[in-house]
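*Asks:* Dropping in input24.cif, with mmCIF, C-alpha atoms.
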data_target
loop_
_atom_site.label_atom_id
_atom_site.label_comp_id
_atom_site.auth_asym_id
_atom_site.auth_seq_id
_atom_site.Cartn_x
_atom_site.Cartn_y
_atom_site.Cartn_z
CA MET A 1 -1.22 -19.55 -12.62
CA ALA A 2 -3.56 -20.90 -15.24
CA ALA A 3 -0.78 -21.03 -17.87
CA ALA A 4 -2.60 -19.29 -20.73
CA SER A 5 -1.22 -20.14 -24.16
CA SER A 6 -1.64 -18.80 -27.68
CA ARG A 7 -0.11 -19.13 -31.13
CA GLN A 8 0.63 -15.87 -32.94
CA SER A 9 2.26 -14.87 -36.21
CA LEU A 10 5.25 -12.55 -36.34
CA ARG A 11 4.60 -9.48 -38.48
CA ARG A 12 6.97 -7.00 -40.05
CA TRP A 13 7.11 -3.67 -38.18
CA GLY A 14 9.60 -1.41 -39.95
CA ASN A 15 12.93 -3.27 -39.93
CA SER A 16 11.80 -5.39 -36.96
CA LEU A 17 9.32 -8.15 -36.24
CA GLY A 18 6.40 -7.73 -33.88
CA VAL A 19 3.96 -10.03 -32.12
CA ARG A 20 0.69 -9.20 -30.35
CA LEU A 21 0.26 -10.48 -26.82
CA PRO A 22 -3.33 -11.59 -26.18
CA ALA A 23 -5.06 -9.93 -23.21
CA ALA A 24 -5.21 -13.18 -21.20
CA ILE A 25 -1.45 -13.72 -21.51
CA SER A 26 -0.50 -10.11 -20.77
CA ARG A 27 -2.87 -10.08 -17.78
CA GLU A 28 -1.45 -13.35 -16.41
CA ALA A 29 2.11 -12.09 -16.91
CA GLY A 30 1.32 -8.76 -15.24
CA LEU A 31 2.19 -6.74 -18.36
CA HIS A 32 0.40 -3.54 -19.35
CA ASP A 33 0.32 -0.94 -22.11
CA ASN A 34 3.48 1.23 -22.48
CA GLN A 35 5.40 -0.88 -19.95
CA THR A 36 9.14 -1.23 -20.49
CA VAL A 37 10.27 -4.84 -20.95
CA ALA A 38 13.61 -6.54 -21.47
CA LEU A 39 14.06 -9.13 -24.22
CA ARG A 40 16.59 -11.92 -23.90
CA VAL A 41 17.32 -14.98 -26.01
CA THR A 42 17.47 -18.20 -23.94
CA ALA A 43 17.90 -21.86 -24.87
CA GLU A 44 14.10 -22.21 -24.85
CA GLY A 45 13.36 -19.11 -26.97
CA VAL A 46 12.79 -15.42 -26.30
CA LEU A 47 12.14 -14.31 -22.72
CA ILE A 48 10.16 -11.10 -22.08
CA THR A 49 10.53 -9.68 -18.56
CA PRO A 50 9.16 -6.44 -17.11
CA VAL A 51 11.69 -3.76 -16.22
CA GLU A 52 11.10 -1.70 -13.13
CA PRO A 53 10.88 1.98 -14.06
CA ARG A 54 13.65 4.28 -12.90
CA LEU A 55 12.19 6.50 -10.19
CA SER A 56 12.78 10.22 -10.10
CA LEU A 57 14.54 11.75 -7.09
CA ALA A 58 11.21 13.09 -5.80
CA GLU A 59 9.65 9.60 -6.06
CA ARG A 60 12.62 8.00 -4.33
CA LEU A 61 12.53 10.55 -1.49
CA ALA A 62 8.76 10.11 -1.11
CA ALA A 63 9.24 6.33 -0.75
CA TYR A 64 12.18 6.62 1.68
CA THR A 65 11.68 5.25 5.19
CA PRO A 66 14.24 6.55 7.71
CA MET A 67 16.25 4.02 9.71
CA GLU A 68 15.75 3.69 13.45
CA GLY A 69 17.26 6.76 15.11
CA GLU A 70 17.28 8.89 11.95
CA PRO A 71 15.38 12.16 12.17
CA ARG A 72 11.89 12.09 10.70
CA GLU A 73 10.55 14.79 8.38
CA GLY A 74 10.21 18.07 10.25
CA GLU A 75 12.56 17.05 13.08
CA THR A 76 15.82 18.85 13.62
CA THR A 77 18.88 17.15 15.04
CA GLU A 78 22.65 17.17 14.81
CA ALA A 79 24.29 16.03 11.60
CA MET A 80 25.79 13.09 13.51
CA ALA A 81 23.13 11.89 15.91
CA TRP A 82 24.99 8.67 16.74
CA ASN A 83 27.77 8.11 19.21
CA PRO A 84 31.28 7.54 17.81
CA VAL A 85 31.96 3.88 17.02
CA GLY A 86 35.67 3.93 16.25
CA ALA A 87 38.65 6.24 16.44
CA GLU A 88 36.77 9.35 15.30
CA VAL A 89 38.08 12.67 16.53
CA ILE A 90 35.25 15.05 17.33
CA GLU A 91 36.16 18.61 18.21
#
So, in terms of structure tokens, how does the structure I just supplied come out?
*Replies:*
Amino acid sequence: MAAASSRQSLRRWGNSLGVRLPAAISREAGLHDNQTVALRVTAEGVLITPVEPRLSLAERLAAYTPMEGEPREGETTEAMAWNPVGAEVIE
């Protein structure tokens, strides 16, 4: 990392204060427009960290990779494809 730095002034934004992040700093930090971030006060100052977006069920299912032995999309199999491992009673 090149450790970009900049000095900025805080400006009033409604009842809050705002600061602009220069393009070089936001690019180096991997931040982008409309991204959700978390703010936290530390001993050194204010820490801004990106927050991973909450995925929808459809996005989570699309990203799901079945475990070894699990049926793949389009395959049909029993609900319990594994052998019993304990004191299960199967009738």
*Asks:* Which value, in Å to one decimal, gives the distance between atom CA of Pro50 of chain A and atom CA of His32 of chain A?
*Replies:*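 Atom CA of Pro50 of chain A sits 9.5 Å away from atom CA of His32 of chain A.
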*Asks:* Would you work out the distance separating atom CA of Leu57 of chain A from atom CA of Gly74 of chain A, expressed in Å to one decimal?
*Replies:*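 Distance between the two atoms: 19.0 Å.
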*Asks:* Pick from A:Val51, A:Leu61, A:Ala4, A:Val46: nearest to Ser26 of chain A, with all atoms listed in the file counted?
*Replies:* A:Ala4
*Asks:* Quick one: of A:Ala3, A:Gly86, A:Glu44, A:Gly14, who's nearest to Arg27 of chain A, counting only C-alpha atoms?
*Replies:*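 Smallest distance to Arg27 of chain A is found for A:Ala3.
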*Asks:* In Å to one decimal, how far is atom CA of Thr42 of chain A from atom CA of Trp13 of chain A?
*Replies:* 22.8 Å
*Asks:* Looking at A:Ser5, A:Ala87, A:Arg12, A:Ala38, which one is nearest to Ala24 of chain A, with distances taken over only C-alpha atoms?
*Replies:* A:Ser5
*Asks:* Using all atoms listed in the file, which of A:Ala29, A:Ala23, A:Leu10, A:Val85 sits nearest Ile48 of chain A?
*Replies:*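 Looking at the shortest contact to Ile48 of chain A, the residue is A:Ala29.
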